[in-house]
Structure formats: structure tokens, C-alpha cells
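Here is the structure we will look at.
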Amino acid sequence: MTCADEKAPGSQTVDNPDNKNSPDAFDAFNDIAQNTVAGKISEYAVVAEGEEHTTWFVWLLVCCCTISGLLFGYDTGVISGALVTINGDLGPSQLSDGQKEFITSATTLGALLGGLVAGAMSDWTGRRLVLGIADILFIGGAVGQAVCHTVWSMIGCRFLIGLGVGLASCIAPLYIQELSPTHLRGRMVVLNVVMITLGQVIAYGIDAGFENVKGGWRWMVGLGIVPAALQLGVLMFLPESPRILVRRGSMEAAHKVLSLVYAAATPEQINIKLKVLHAAIQQSIEIANSTTFFERFGSMISIPANRRALIVGCGMQAFQQLCGFNTLMYYSASLFQEIGFNQPTAVGLIISGTNFVFTLLALKYIDMIGRRRIMVLSAPGMIFGLTLAAIAFYYMTRNTGGNLVDGSHYPQAWSAIVLLSMIIFVASYATGLGNVPWQQGELFGLEVRGIGTSLSTATNWAANLVINSTYLSLMAKVTPSGAFGFYGGLCLLGWLFCVFCLPETAGLSLEEVRSVFKNGFGIQESERLREVKREIRERKK
């Protein structure tokens with residue numbers, strides 16, 4: 001039975017979403033389930049996507065979820081300004097490089113552990129509860145930082161914040177993806193990244209505002225309580241992911257959520273959407289119900305399609321961190337202070353502002369241009385920016401043995417070129433690499449989505465931990481020019497990875513993406529599936 005032989009699903013009337021006994025309902029369910037297993041596009045599924053007008057509820061829901069992104073950005077960005085204003089408030093008259101690395105790396109270690117358990121935990125508890133736990137950790141960590149008086153208590157509270165960051169960074173994009181219409185899924189996830197960058201901008205703004213206030217760093221870190229408490233209150237009113245509800249067999253609850261997400265759809269269209277969703281994830285439900293967690297964990301390696309998806313997910317997350325971007329977020333104020341800027345926190349605000357503005361650009365175009373193309377086009381800009389920085393640092397530090405020395409005066413022209421190179425690098429990063437890796441949830445089938453996103457997120461934070469804990473040492477050992485040249489080389493390798501391994505997933509539903517990896521990394525297969533969907537839509541107009 002082929003799609004062309006089916007009766008158009010838009011003409012069906014299905015009163016009960018659980019009813020698969022009528023001929024039309026049975027045919028539709030089987031067609032979608034069989035095509036999903038075979039890696040083909042179901043015409044029923046494509047037509048069911050037709051009614052996907054974005055409602056106020058979807059935007060409200062996504063905005064509530066993206067408070068997690070705001071917290072993520074704020075808590076990772078605020079420490080940059082805090083480190084240069086703590087002075088002797090934690091015991092030592094000045095924090096050593098080692099103590100600064102411990103404070104920043106504690107957050108990353110916590111995020112690594114949080115990200116590692118987040119996805120698998122959310123498969124068991126649901127996505128919403130994990131976000132609530134993250135908010136509680138944010139609140140506890142922010143209060144602890146604001147009142148601590150020793151270096152080790154500060155490190156402990158940063159670790160607590162890190163656990164929250166790890167949970168939120170994994171689950172917020174996943175939750176948004178599972179609630180978003182297909183044609184806006186990329187944009188909705190980028191909105192979470194926009195909030196991450198906005199959080200960093202707010203952090204730099206607050207850092208600048210409290211820079212000259214005695215004990216102002218305590219306000220910097222403590223104000224993270226506000227958005228965390230706000231989201232914790234709002235979460236009580238948010239629905240669970242409909243895919244999780246269907247997986248649990250809660251069809252009525254899933255029907256209610258879909259009715260809210262697709263408020264402009266008729267009851268018949270909602271029934272069809274629910275039937276499409278149920279059929280598309282039927283294989284995932286059967287696998288989840290017949291296997292243990294450890295068997296599914298092992299399938300990430302033993303099943304080729306899962307393994308390829310994991311390579312892409314982990315590879316993109318590693319690329320995001322190994323490019324060195326977050327070292328700039330954590331240490332930008334210290335770096336700009338060393339090269340002669342009188343207001344280093346304000347200069348850092350330029351960097352975070354650039355990140356925010358160009359993330360807005362990605363928000364507009366990621367679904368139009370596509371994930372793969374936007375990465376292939378933007379990564380060379382990162383390579384150019386880092387190479388220019390390496391050249392500028394080389395000539396800037398010729399009189400100081402290649403290293404940045406406190407108290408030295410460096411030519412303003414070269415300092416300006418360093419700032420320009422950082423702006424180019426950050427603009428390119430924000431357009432592509434800052435967003436695309438967080439589309440990771442769409443790479444995995446529902447039965448392993450939590451595991452896959454956990455492993456990918458953990459890879460992000462593991463790479464972050466390596467880069468951030470070695471940044472200051474790397475700058476001292478191989479000089480700033482060598483360090484930024486090294487990051488540029490890693491960016492080149494990351495760009496080649498995108499060219500040869502990253503398929504295009506824009507326009508494909510979450511259930512359709514899993515078939516891309518059946519035979520290879522799916523560069524051509526993904527384009528073929530997207531073309532099939534375009535042809536079906538044109539035929540149905």
C-alpha cells in the first residue's frame with residue numbers, strides 16, 4: 001500500500017483519538033507506523049502538519065521555558081565581572097589564577113554531571129519536573145554565593161549552580177522541541193539561545209553597574225534568584241510534553257495539550273495529529289516498554305542509526321566548546337583589563353551584546369536557511385576571527401616576550417584589533433555554532449532521546465571543563481597568540497566535521513529525522529526526504 005493509494009487524511013472524521021478500529025483510522029495508523037519504520041515520508045503525516053498556525057499559547061509556553069536559558073546565560077556570564085571585583089572578600093587579598101579556575105570550573109563540573117543525568121531522568125519523571133529541580137538548584141546556589149565568605153564555599157555554590165545549568169541546558173531545548181510545530185522547531189529552540197545570550201548581556205550590565213560598589217559582586221550573583229523563582233512559579237501551569245504523555249498511554253491528556261498548542265485546528269484535525277503522533281512513535285513505545293534502561297543505553301552504540309546520531313550530537317557539542325567561546329565569556333573582563341582597556345566589564349558588554357544581536361539573526365533564518373547550511377557558512381568567520389586575534393596578540397606582545405604582563409602598556413591599535421577580531425568571532429559563533437548544537441534532541445528517536453541528549457549535553461560540559469580549566473595555563477605556556485591560533489585550528493576541524501557529517505533536519509518532524517541516519521550520516525538522504533515533503537505539500541495545495 002503506497003501513500004498515493006491512500007484517502008486524503010484531511011477528509012477523515014475521527015471522533016476518538018484512541019479508536020483504531022474504523023477503516024480510515026486503521027489505514028492511517030498503519031501507513032504512518034510502517035513508513036516511519038521504513039524511513040519513508042507518510043502522506044498522512046505531512047497533511048496532518050498542515051494546520052500549524054502558531055498560537056499565543058505556544059509563544060507563552062516557549063517564553064516560560066526559555067527562562068531556563070536566561071538563567072543559564074546569567075549564571076555563566078555573571079562570574080566574569082564578579083572575579084575582578086571580589087578582591088579580598090573570600091579571604092586572600094587577591095584570587096590567584098588557580099582559584100579563579102576552580103571557581104569557574106566548579107560550575108562546569110556541576111553542569112557536566114547535571115547534563116549527564118538530565119535527559120534520562122526526564123524520561124522517567126517528565127520534562128517539566130526536571131526544570132523545576134533546576135530552578136531550586138539555581139535559587140540555592142545564588143543564595144549561597146551571595147552570603148559566602150571563603151573560596152571553598154564559593155566553589156561549592158558554583159558547583160550547585162552548575163548542576164542547575166546542566167539540567168536546564170539539556171531539558172529546556174528538548175521540552176521546547178517536543179511542544180513546537182515542525183516548521184518553527186528550530187526557531188523556538190534558538191529563542192532559548194537568545195535568552196541565554198540575553199542573560200549574559202544582563203549579567204554584564206549588572207556587573208558594570210555594581211563594579212564600583214563595595215561588595216557589589218554579592219548582588220551580581222544573588223540576583224539570579226529572581227528569574228529562577230519566577231519560572232518555578234510558572235512551571236505549575238505548564239503542560240507535560242505530549243510525546244511523553246502518549247508514551248505513558250495518557251491519550252486524553254495528550255489530546256488536551258495538542259488542542260492548546262494548535263488552537264486554530266478543528267477537533268478532527270487534532271484527532272488526526274494525535275493519531276499521527278501515536279503512530280509515529282509506536283516503535284519507540286514498543287522498544288521502551290520491552291527493554292531496560294541499560295539496554296537502551298547500550299543501543300546508542302550497538303544500533304548504527306543511534307550511533308551516528310550520537311556522533312553528530314556529541315560532535316557538535318564538542319565543537320561548540322572547543323572553539324574557546326566560553327573562555328571569552330568567563331575571562332573577557334580579565335583579558336580586556338590586561339590589554340589596556342580602562343572599563344573591561346563595559347568592553348565585555350560589547351562582546352555579549354554582539355552575541356545577543358547575531359543570535360537574533362539566527363532566530364530569523366535557522367528554519368529558512370537550515371541547520372547545515374548556516375553552520376557551513378558561519379564557521380569560516382570564526383576561523384578568521386581567531387586567526388586575526390592570534391596575529392594581533394603576536395605583534396602586541398613582542399616587547400613582553402609574547403605574554404601579557406600586568407602593568408604593561410600595549411599599543412592601542414593592536415588592542416582595538418583584538419576587540420574587532422573577538423567581535424567577528426562572536427558574531428560568526430552566534431549565527432551558527434551557538435544555536436545548532438542545541439537542536440540535538442531532534443537527532444534521536446523518542447526511546448533514546450533522553451539518553452542521547454544527556455550524553456550530548458555532557459559532552460558539551462566536559463569539553464567546556466577542559467577548555468576553561470586550561471585556558472589561563474594555556475595562555476601562559478604557549479602565549480596568547482598560540483592559544484588563539486590553537487582554538488582557530490580546532491574550529492577548522494569542527495567545520496570539516498559539519499561538511500561531512502551534519503545532515504539537514506529543518507522541515508522534518510522529530511519522528512522523520514530518525515530515519516536520516518539509517519544508512520550513513522544522511523547528508524543526501526535528509527535532502528531527499530525534505531524534497532519528498534515539499535512535493536507532497538505542493539500536490540495537496
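Residues are referred to by chain and number: the chain letter is A, B, ... according to the order shown in the C-alpha cells, the number counts from 1 in that chain, and ligands are numbered separately from 1 in the order shown.
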Output as a compact mmCIF listing (two decimals) with all heavy atoms, in the first residue's frame all residues of region 194-264 of chain A that backbone DSSP marks as helix (DSSP H, G or I).
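That gives us part_20.txt:
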```txt
# COMPACT_ATOMS: atom_id res chain seq x y z
N VAL A 194 18.64 32.69 22.44
CA VAL A 194 18.54 34.15 22.55
C VAL A 194 18.48 34.55 24.02
O VAL A 194 19.14 35.51 24.45
CB VAL A 194 17.29 34.66 21.80
CG1 VAL A 194 17.02 36.13 22.15
CG2 VAL A 194 17.46 34.51 20.30
N MET A 195 17.71 33.79 24.79
CA MET A 195 17.58 34.11 26.22
C MET A 195 18.89 33.83 26.96
O MET A 195 19.21 34.51 27.94
CB MET A 195 16.43 33.31 26.82
CG MET A 195 15.06 33.72 26.30
SD MET A 195 14.64 35.43 26.68
CE MET A 195 14.12 35.24 28.39
N ILE A 196 19.65 32.83 26.50
CA ILE A 196 20.98 32.60 27.10
C ILE A 196 21.86 33.82 26.88
O ILE A 196 22.49 34.33 27.82
CB ILE A 196 21.64 31.35 26.49
CG1 ILE A 196 20.88 30.08 26.86
CG2 ILE A 196 23.10 31.23 26.97
CD1 ILE A 196 21.39 28.83 26.17
N THR A 197 21.87 34.32 25.64
CA THR A 197 22.70 35.49 25.34
C THR A 197 22.17 36.74 26.03
O THR A 197 22.95 37.59 26.47
CB THR A 197 22.79 35.73 23.82
OG1 THR A 197 21.48 35.99 23.30
CG2 THR A 197 23.35 34.51 23.11
N LEU A 198 20.84 36.85 26.14
CA LEU A 198 20.26 37.98 26.87
C LEU A 198 20.66 37.91 28.34
O LEU A 198 20.98 38.94 28.96
CB LEU A 198 18.73 37.97 26.75
CG LEU A 198 17.99 39.08 27.50
CD1 LEU A 198 18.43 40.46 27.01
CD2 LEU A 198 16.48 38.93 27.35
N GLY A 199 20.67 36.70 28.89
CA GLY A 199 21.11 36.53 30.27
C GLY A 199 22.55 36.98 30.45
O GLY A 199 22.91 37.60 31.47
N GLN A 200 23.40 36.70 29.45
CA GLN A 200 24.80 37.14 29.52
C GLN A 200 24.90 38.65 29.43
O GLN A 200 25.71 39.27 30.14
CB GLN A 200 25.60 36.45 28.42
CG GLN A 200 25.78 34.96 28.64
CD GLN A 200 26.29 34.21 27.43
OE1 GLN A 200 26.20 34.70 26.30
NE2 GLN A 200 26.83 33.02 27.63
N VAL A 201 24.07 39.26 28.56
CA VAL A 201 24.07 40.72 28.45
C VAL A 201 23.63 41.35 29.77
O VAL A 201 24.25 42.31 30.26
CB VAL A 201 23.13 41.18 27.30
CG1 VAL A 201 22.97 42.69 27.32
CG2 VAL A 201 23.69 40.74 25.95
N ILE A 202 22.56 40.82 30.35
CA ILE A 202 22.07 41.33 31.63
C ILE A 202 23.15 41.17 32.70
O ILE A 202 23.37 42.07 33.52
CB ILE A 202 20.78 40.60 32.05
CG1 ILE A 202 19.64 40.98 31.10
CG2 ILE A 202 20.39 40.94 33.49
CD1 ILE A 202 18.36 40.17 31.31
N ALA A 203 23.82 40.02 32.68
CA ALA A 203 24.89 39.76 33.66
C ALA A 203 25.99 40.81 33.54
O ALA A 203 26.46 41.36 34.55
CB ALA A 203 25.45 38.36 33.47
N TYR A 204 26.42 41.09 32.29
CA TYR A 204 27.47 42.08 32.08
C TYR A 204 26.99 43.48 32.48
O TYR A 204 27.76 44.28 33.02
CB TYR A 204 27.95 42.07 30.63
CG TYR A 204 29.00 41.02 30.36
CD1 TYR A 204 28.65 39.76 29.90
CD2 TYR A 204 30.34 41.29 30.59
CE1 TYR A 204 29.61 38.79 29.66
CE2 TYR A 204 31.31 40.33 30.36
CZ TYR A 204 30.94 39.08 29.89
OH TYR A 204 31.89 38.12 29.66
N GLY A 205 25.73 43.77 32.20
CA GLY A 205 25.17 45.06 32.60
C GLY A 205 25.16 45.22 34.12
O GLY A 205 25.52 46.28 34.66
N ILE A 206 24.73 44.18 34.82
CA ILE A 206 24.70 44.22 36.29
C ILE A 206 26.12 44.25 36.84
O ILE A 206 26.40 44.97 37.81
CB ILE A 206 23.90 43.01 36.83
CG1 ILE A 206 22.41 43.21 36.52
CG2 ILE A 206 24.12 42.83 38.33
CD1 ILE A 206 21.53 42.05 36.91
N ASP A 207 27.02 43.50 36.20
CA ASP A 207 28.43 43.55 36.62
C ASP A 207 28.97 44.98 36.52
O ASP A 207 29.65 45.46 37.43
CB ASP A 207 29.28 42.63 35.73
CG ASP A 207 29.09 41.16 36.06
OD1 ASP A 207 28.39 40.86 37.05
OD2 ASP A 207 29.64 40.32 35.33
N ALA A 208 28.66 45.65 35.40
CA ALA A 208 29.13 47.03 35.21
C ALA A 208 28.50 47.97 36.24
O ALA A 208 29.17 48.87 36.76
CB ALA A 208 28.81 47.49 33.79
N GLY A 209 27.22 47.74 36.54
CA GLY A 209 26.51 48.60 37.49
C GLY A 209 27.04 48.48 38.91
O GLY A 209 27.06 49.47 39.66
N PHE A 210 27.46 47.26 39.30
CA PHE A 210 27.93 47.05 40.67
C PHE A 210 29.46 47.00 40.78
O PHE A 210 29.99 46.69 41.84
CB PHE A 210 27.36 45.73 41.21
CG PHE A 210 25.90 45.82 41.59
CD1 PHE A 210 24.91 45.37 40.72
CD2 PHE A 210 25.51 46.35 42.81
CE1 PHE A 210 23.58 45.44 41.05
CE2 PHE A 210 24.18 46.43 43.16
CZ PHE A 210 23.20 45.98 42.29
N GLY A 216 29.78 44.60 45.78
CA GLY A 216 28.79 44.54 44.70
C GLY A 216 28.68 43.18 44.04
O GLY A 216 27.63 42.82 43.50
N TRP A 217 29.77 42.39 44.09
CA TRP A 217 29.73 41.07 43.46
C TRP A 217 28.68 40.17 44.09
O TRP A 217 28.15 39.27 43.43
CB TRP A 217 31.11 40.42 43.52
CG TRP A 217 31.57 40.05 44.91
CD1 TRP A 217 32.28 40.83 45.79
CD2 TRP A 217 31.34 38.80 45.58
NE1 TRP A 217 32.51 40.17 46.96
CE2 TRP A 217 31.95 38.91 46.86
CE3 TRP A 217 30.69 37.63 45.24
CZ2 TRP A 217 31.91 37.87 47.78
CZ3 TRP A 217 30.66 36.59 46.15
CH2 TRP A 217 31.26 36.70 47.41
N ARG A 218 28.36 40.42 45.38
CA ARG A 218 27.33 39.61 46.04
C ARG A 218 25.96 39.87 45.42
O ARG A 218 25.13 38.96 45.29
CB ARG A 218 27.31 39.91 47.54
CG ARG A 218 28.61 39.55 48.25
CD ARG A 218 28.50 39.70 49.76
NE ARG A 218 29.77 39.47 50.42
CZ ARG A 218 30.25 38.25 50.72
NH1 ARG A 218 29.56 37.18 50.44
NH2 ARG A 218 31.43 38.14 51.33
N TRP A 219 25.71 41.12 45.04
CA TRP A 219 24.46 41.45 44.34
C TRP A 219 24.47 40.81 42.95
O TRP A 219 23.44 40.34 42.47
CB TRP A 219 24.31 42.96 44.22
CG TRP A 219 23.92 43.61 45.51
CD1 TRP A 219 24.73 44.22 46.41
CD2 TRP A 219 22.60 43.69 46.04
NE1 TRP A 219 24.01 44.68 47.48
CE2 TRP A 219 22.69 44.38 47.28
CE3 TRP A 219 21.34 43.27 45.61
CZ2 TRP A 219 21.58 44.64 48.08
CZ3 TRP A 219 20.23 43.53 46.40
CH2 TRP A 219 20.35 44.20 47.61
N MET A 220 25.63 40.83 42.31
CA MET A 220 25.74 40.24 40.96
C MET A 220 25.26 38.79 40.97
O MET A 220 24.43 38.39 40.15
CB MET A 220 27.19 40.29 40.47
CG MET A 220 27.78 41.67 40.30
SD MET A 220 29.54 41.53 39.80
CE MET A 220 30.10 43.22 39.99
N VAL A 221 25.82 37.99 41.88
CA VAL A 221 25.49 36.57 41.89
C VAL A 221 24.13 36.29 42.53
O VAL A 221 23.43 35.34 42.17
CB VAL A 221 26.60 35.75 42.60
CG1 VAL A 221 27.90 35.86 41.82
CG2 VAL A 221 26.80 36.21 44.04
N GLY A 222 23.73 37.14 43.49
CA GLY A 222 22.48 36.89 44.21
C GLY A 222 21.23 37.19 43.42
O GLY A 222 20.17 36.58 43.66
N ILE A 225 18.41 34.80 41.76
CA ILE A 225 17.23 34.24 42.44
C ILE A 225 15.95 34.64 41.72
O ILE A 225 15.01 33.84 41.62
CB ILE A 225 17.18 34.75 43.90
CG1 ILE A 225 18.38 34.24 44.69
CG2 ILE A 225 15.88 34.34 44.57
CD1 ILE A 225 18.52 34.89 46.06
N VAL A 226 15.90 35.86 41.19
CA VAL A 226 14.64 36.41 40.67
C VAL A 226 14.06 35.59 39.52
O VAL A 226 12.91 35.12 39.59
CB VAL A 226 14.83 37.89 40.27
CG1 VAL A 226 13.54 38.46 39.68
CG2 VAL A 226 15.27 38.71 41.48
N PRO A 227 14.79 35.39 38.41
CA PRO A 227 14.19 34.62 37.31
C PRO A 227 13.94 33.16 37.69
O PRO A 227 12.97 32.55 37.20
CB PRO A 227 15.23 34.73 36.18
CG PRO A 227 16.50 35.11 36.84
CD PRO A 227 16.13 35.90 38.03
N ALA A 228 14.78 32.59 38.56
CA ALA A 228 14.57 31.19 38.97
C ALA A 228 13.26 31.04 39.73
O ALA A 228 12.49 30.09 39.49
CB ALA A 228 15.75 30.71 39.82
N ALA A 229 13.00 31.97 40.65
CA ALA A 229 11.75 31.91 41.41
C ALA A 229 10.54 32.14 40.50
O ALA A 229 9.49 31.50 40.66
CB ALA A 229 11.78 32.96 42.52
N LEU A 230 10.69 33.04 39.52
CA LEU A 230 9.60 33.31 38.58
C LEU A 230 9.26 32.06 37.78
O LEU A 230 8.09 31.68 37.66
CB LEU A 230 10.01 34.44 37.63
CG LEU A 230 9.03 34.77 36.50
CD1 LEU A 230 7.70 35.26 37.07
CD2 LEU A 230 9.62 35.83 35.56
N GLN A 231 10.27 31.38 37.24
CA GLN A 231 9.99 30.18 36.44
C GLN A 231 9.42 29.06 37.29
O GLN A 231 8.53 28.32 36.85
CB GLN A 231 11.23 29.69 35.71
CG GLN A 231 10.91 28.55 34.74
CD GLN A 231 12.12 28.00 34.04
OE1 GLN A 231 13.12 27.69 34.68
NE2 GLN A 231 12.05 27.88 32.72
N LEU A 232 9.92 28.92 38.50
CA LEU A 232 9.42 27.86 39.38
C LEU A 232 7.92 28.03 39.61
O LEU A 232 7.17 27.04 39.64
CB LEU A 232 10.17 27.90 40.71
CG LEU A 232 9.90 26.74 41.68
CD1 LEU A 232 10.27 25.41 41.05
CD2 LEU A 232 10.68 26.95 42.98
N GLY A 233 7.46 29.29 39.75
CA GLY A 233 6.04 29.53 39.91
C GLY A 233 5.24 29.26 38.64
O GLY A 233 4.15 28.67 38.69
N VAL A 234 5.81 29.64 37.49
CA VAL A 234 5.11 29.47 36.22
C VAL A 234 5.01 27.99 35.82
O VAL A 234 4.02 27.58 35.21
CB VAL A 234 5.84 30.27 35.11
CG1 VAL A 234 5.30 29.92 33.73
CG2 VAL A 234 5.69 31.77 35.36
N LEU A 235 6.01 27.18 36.18
CA LEU A 235 6.03 25.77 35.78
C LEU A 235 4.79 25.01 36.24
O LEU A 235 4.40 24.02 35.62
CB LEU A 235 7.28 25.08 36.32
CG LEU A 235 8.57 25.26 35.53
CD1 LEU A 235 9.75 24.64 36.26
CD2 LEU A 235 8.44 24.64 34.15
N MET A 236 4.18 25.46 37.31
CA MET A 236 2.98 24.79 37.83
C MET A 236 1.85 24.80 36.80
O MET A 236 0.96 23.95 36.84
CB MET A 236 2.52 25.48 39.13
CG MET A 236 3.52 25.39 40.26
SD MET A 236 3.04 26.42 41.67
CE MET A 236 1.45 25.67 42.08
N PHE A 237 1.88 25.75 35.88
CA PHE A 237 0.79 25.91 34.93
C PHE A 237 1.14 25.40 33.53
O PHE A 237 0.31 25.47 32.62
CB PHE A 237 0.39 27.39 34.85
CG PHE A 237 0.01 27.98 36.18
CD1 PHE A 237 0.92 28.73 36.91
CD2 PHE A 237 -1.25 27.75 36.71
CE1 PHE A 237 0.58 29.26 38.15
CE2 PHE A 237 -1.61 28.28 37.94
CZ PHE A 237 -0.69 29.03 38.67
N PRO A 242 3.57 16.35 25.02
CA PRO A 242 2.58 15.38 24.53
C PRO A 242 3.22 14.05 24.15
O PRO A 242 2.58 13.00 24.25
CB PRO A 242 1.97 16.08 23.30
CG PRO A 242 2.93 17.15 22.93
CD PRO A 242 3.60 17.56 24.19
N ARG A 243 4.47 14.04 23.74
CA ARG A 243 5.14 12.78 23.40
C ARG A 243 5.36 11.92 24.63
O ARG A 243 5.24 10.70 24.59
CB ARG A 243 6.46 13.06 22.66
CG ARG A 243 6.25 13.52 21.22
CD ARG A 243 7.52 14.03 20.59
NE ARG A 243 7.33 14.27 19.17
CZ ARG A 243 6.77 15.36 18.65
NH1 ARG A 243 6.33 16.32 19.46
NH2 ARG A 243 6.63 15.51 17.34
N ILE A 244 5.67 12.54 25.74
CA ILE A 244 5.81 11.80 27.00
C ILE A 244 4.45 11.27 27.43
O ILE A 244 4.32 10.13 27.92
CB ILE A 244 6.41 12.71 28.10
CG1 ILE A 244 7.87 13.07 27.75
CG2 ILE A 244 6.36 12.02 29.46
CD1 ILE A 244 8.82 11.90 27.73
N LEU A 245 3.40 12.07 27.27
CA LEU A 245 2.05 11.64 27.66
C LEU A 245 1.59 10.46 26.81
O LEU A 245 1.02 9.50 27.33
CB LEU A 245 1.07 12.82 27.51
CG LEU A 245 1.31 13.99 28.48
CD1 LEU A 245 0.39 15.16 28.13
CD2 LEU A 245 1.07 13.55 29.93
N VAL A 246 1.86 10.51 25.49
CA VAL A 246 1.49 9.39 24.62
C VAL A 246 2.29 8.15 25.00
O VAL A 246 1.75 7.04 25.04
CB VAL A 246 1.72 9.76 23.14
CG1 VAL A 246 1.55 8.52 22.24
CG2 VAL A 246 0.74 10.85 22.71
N ARG A 247 3.54 8.34 25.29
CA ARG A 247 4.38 7.21 25.69
C ARG A 247 3.85 6.55 26.97
O ARG A 247 3.94 5.33 27.13
CB ARG A 247 5.81 7.70 25.90
CG ARG A 247 6.78 6.62 26.36
CD ARG A 247 8.20 7.15 26.35
NE ARG A 247 9.10 6.27 27.08
CZ ARG A 247 10.41 6.46 27.17
NH1 ARG A 247 10.96 7.50 26.57
NH2 ARG A 247 11.17 5.64 27.85
N ARG A 248 3.27 7.35 27.87
CA ARG A 248 2.70 6.81 29.10
C ARG A 248 1.31 6.24 28.89
O ARG A 248 0.73 5.66 29.81
CB ARG A 248 2.62 7.92 30.16
CG ARG A 248 3.97 8.40 30.68
CD ARG A 248 3.77 9.61 31.58
NE ARG A 248 5.02 10.07 32.15
CZ ARG A 248 5.15 11.22 32.83
NH1 ARG A 248 4.08 12.01 33.01
NH2 ARG A 248 6.31 11.57 33.34
N MET A 251 -3.58 9.32 26.58
CA MET A 251 -4.01 9.89 25.30
C MET A 251 -4.92 11.11 25.50
O MET A 251 -4.84 12.08 24.74
CB MET A 251 -4.71 8.83 24.46
CG MET A 251 -3.89 7.58 24.22
SD MET A 251 -2.35 7.92 23.32
CE MET A 251 -2.99 8.29 21.70
N GLU A 252 -5.76 11.05 26.49
CA GLU A 252 -6.68 12.17 26.72
C GLU A 252 -5.91 13.44 27.11
O GLU A 252 -6.21 14.54 26.62
CB GLU A 252 -7.68 11.80 27.82
CG GLU A 252 -8.77 12.85 28.03
CD GLU A 252 -9.82 12.42 29.04
OE1 GLU A 252 -9.94 11.20 29.27
OE2 GLU A 252 -10.51 13.30 29.57
N ALA A 253 -4.91 13.27 27.99
CA ALA A 253 -4.10 14.42 28.39
C ALA A 253 -3.30 14.95 27.21
O ALA A 253 -3.16 16.17 27.03
CB ALA A 253 -3.16 14.02 29.53
N ALA A 254 -2.78 14.05 26.37
CA ALA A 254 -2.03 14.48 25.18
C ALA A 254 -2.94 15.23 24.22
O ALA A 254 -2.54 16.24 23.61
CB ALA A 254 -1.42 13.26 24.48
N HIS A 255 -4.18 14.76 24.07
CA HIS A 255 -5.16 15.42 23.20
C HIS A 255 -5.43 16.84 23.69
O HIS A 255 -5.52 17.79 22.90
CB HIS A 255 -6.45 14.60 23.18
CG HIS A 255 -7.45 15.09 22.19
ND1 HIS A 255 -8.34 16.12 22.47
CD2 HIS A 255 -7.72 14.70 20.90
CE1 HIS A 255 -9.11 16.34 21.40
NE2 HIS A 255 -8.74 15.49 20.46
N LYS A 256 -5.52 17.01 25.00
CA LYS A 256 -5.77 18.34 25.58
C LYS A 256 -4.61 19.29 25.31
O LYS A 256 -4.82 20.47 24.96
CB LYS A 256 -6.00 18.20 27.09
CG LYS A 256 -6.35 19.51 27.78
CD LYS A 256 -6.64 19.28 29.25
CE LYS A 256 -7.00 20.61 29.94
NZ LYS A 256 -7.27 20.41 31.39
N VAL A 257 -3.36 18.79 25.45
CA VAL A 257 -2.19 19.63 25.19
C VAL A 257 -2.13 20.04 23.72
O VAL A 257 -1.89 21.21 23.40
CB VAL A 257 -0.89 18.90 25.59
CG1 VAL A 257 0.33 19.73 25.19
CG2 VAL A 257 -0.87 18.64 27.09
N LEU A 258 -2.37 19.09 22.82
CA LEU A 258 -2.36 19.40 21.39
C LEU A 258 -3.45 20.42 21.05
O LEU A 258 -3.26 21.26 20.17
CB LEU A 258 -2.55 18.13 20.57
CG LEU A 258 -1.36 17.15 20.58
CD1 LEU A 258 -1.74 15.87 19.84
CD2 LEU A 258 -0.13 17.77 19.93
N SER A 259 -4.59 20.34 21.72
CA SER A 259 -5.67 21.31 21.48
C SER A 259 -5.24 22.72 21.86
O SER A 259 -5.67 23.69 21.24
CB SER A 259 -6.92 20.91 22.28
OG SER A 259 -7.39 19.65 21.89
N LEU A 260 -4.39 22.83 22.88
CA LEU A 260 -3.89 24.14 23.29
C LEU A 260 -2.80 24.63 22.34
O LEU A 260 -2.76 25.82 21.98
CB LEU A 260 -3.33 24.06 24.71
CG LEU A 260 -4.36 23.83 25.83
CD1 LEU A 260 -3.65 23.55 27.15
CD2 LEU A 260 -5.27 25.05 25.98
N VAL A 261 -1.92 23.72 21.92
CA VAL A 261 -0.83 24.10 21.01
C VAL A 261 -1.37 24.50 19.64
O VAL A 261 -0.91 25.46 19.03
CB VAL A 261 0.18 22.94 20.88
CG1 VAL A 261 1.21 23.24 19.79
CG2 VAL A 261 0.88 22.68 22.21
```
With a cut-off of 8 Å, could you pull out the residues of region 335-359 of chain A touching region 430-440 of chain A and give me the nearest pair of atoms for each, distance in Å to one decimal, using only C-alpha atoms, ordered by chain and ascending number, as CSV?
```
residue,atom,partner,partner_atom,distance
A:Asn355,CA,A:Ala430,CA,5.4
A:Phe356,CA,A:Ala430,CA,7.5
A:Phe358,CA,A:Ala430,CA,5.4
A:Thr359,CA,A:Ala430,CA,5.0
```
Keeping only N, CA and C atoms, write the selected residues as a PDB file, in the first residue's frame.
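The new file selection_24.pdb reads:
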```
ATOM      1  N   ASN A 355      26.930  38.933  20.694  1.00  0.00           N
ATOM      2  CA  ASN A 355      26.392  37.572  20.773  1.00  0.00           C
ATOM      3  C   ASN A 355      24.866  37.587  20.726  1.00  0.00           C
ATOM      4  N   PHE A 356      24.259  38.499  21.460  1.00  0.00           N
ATOM      5  CA  PHE A 356      22.803  38.607  21.518  1.00  0.00           C
ATOM      6  C   PHE A 356      22.221  39.018  20.164  1.00  0.00           C
ATOM      7  N   PHE A 358      23.438  38.832  17.066  1.00  0.00           N
ATOM      8  CA  PHE A 358      23.579  37.866  15.981  1.00  0.00           C
ATOM      9  C   PHE A 358      22.826  36.561  16.260  1.00  0.00           C
ATOM     10  N   THR A 359      22.525  36.297  17.517  1.00  0.00           N
ATOM     11  CA  THR A 359      21.632  35.171  17.818  1.00  0.00           C
ATOM     12  C   THR A 359      20.219  35.490  17.331  1.00  0.00           C
TER      13      THR A 359
END
```
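Nearest-residue note for Thr387 (chain A): choosing from A:Leu492, A:Ile350, A:Ile79, A:Ile369, the minimum distance belongs to A:Leu492, counting only C-alpha atoms.
With distances restricted to only C-alpha atoms, A:Gly441 is the closest residue to Ser454 (chain A) from A:Gly370, A:Gly140, A:Gly98, A:Gly441.
For the atom pair formed by CA of Gln99 (chain A) and CA of Leu83 (chain A), the distance is 9.9 Å, given to one decimal.
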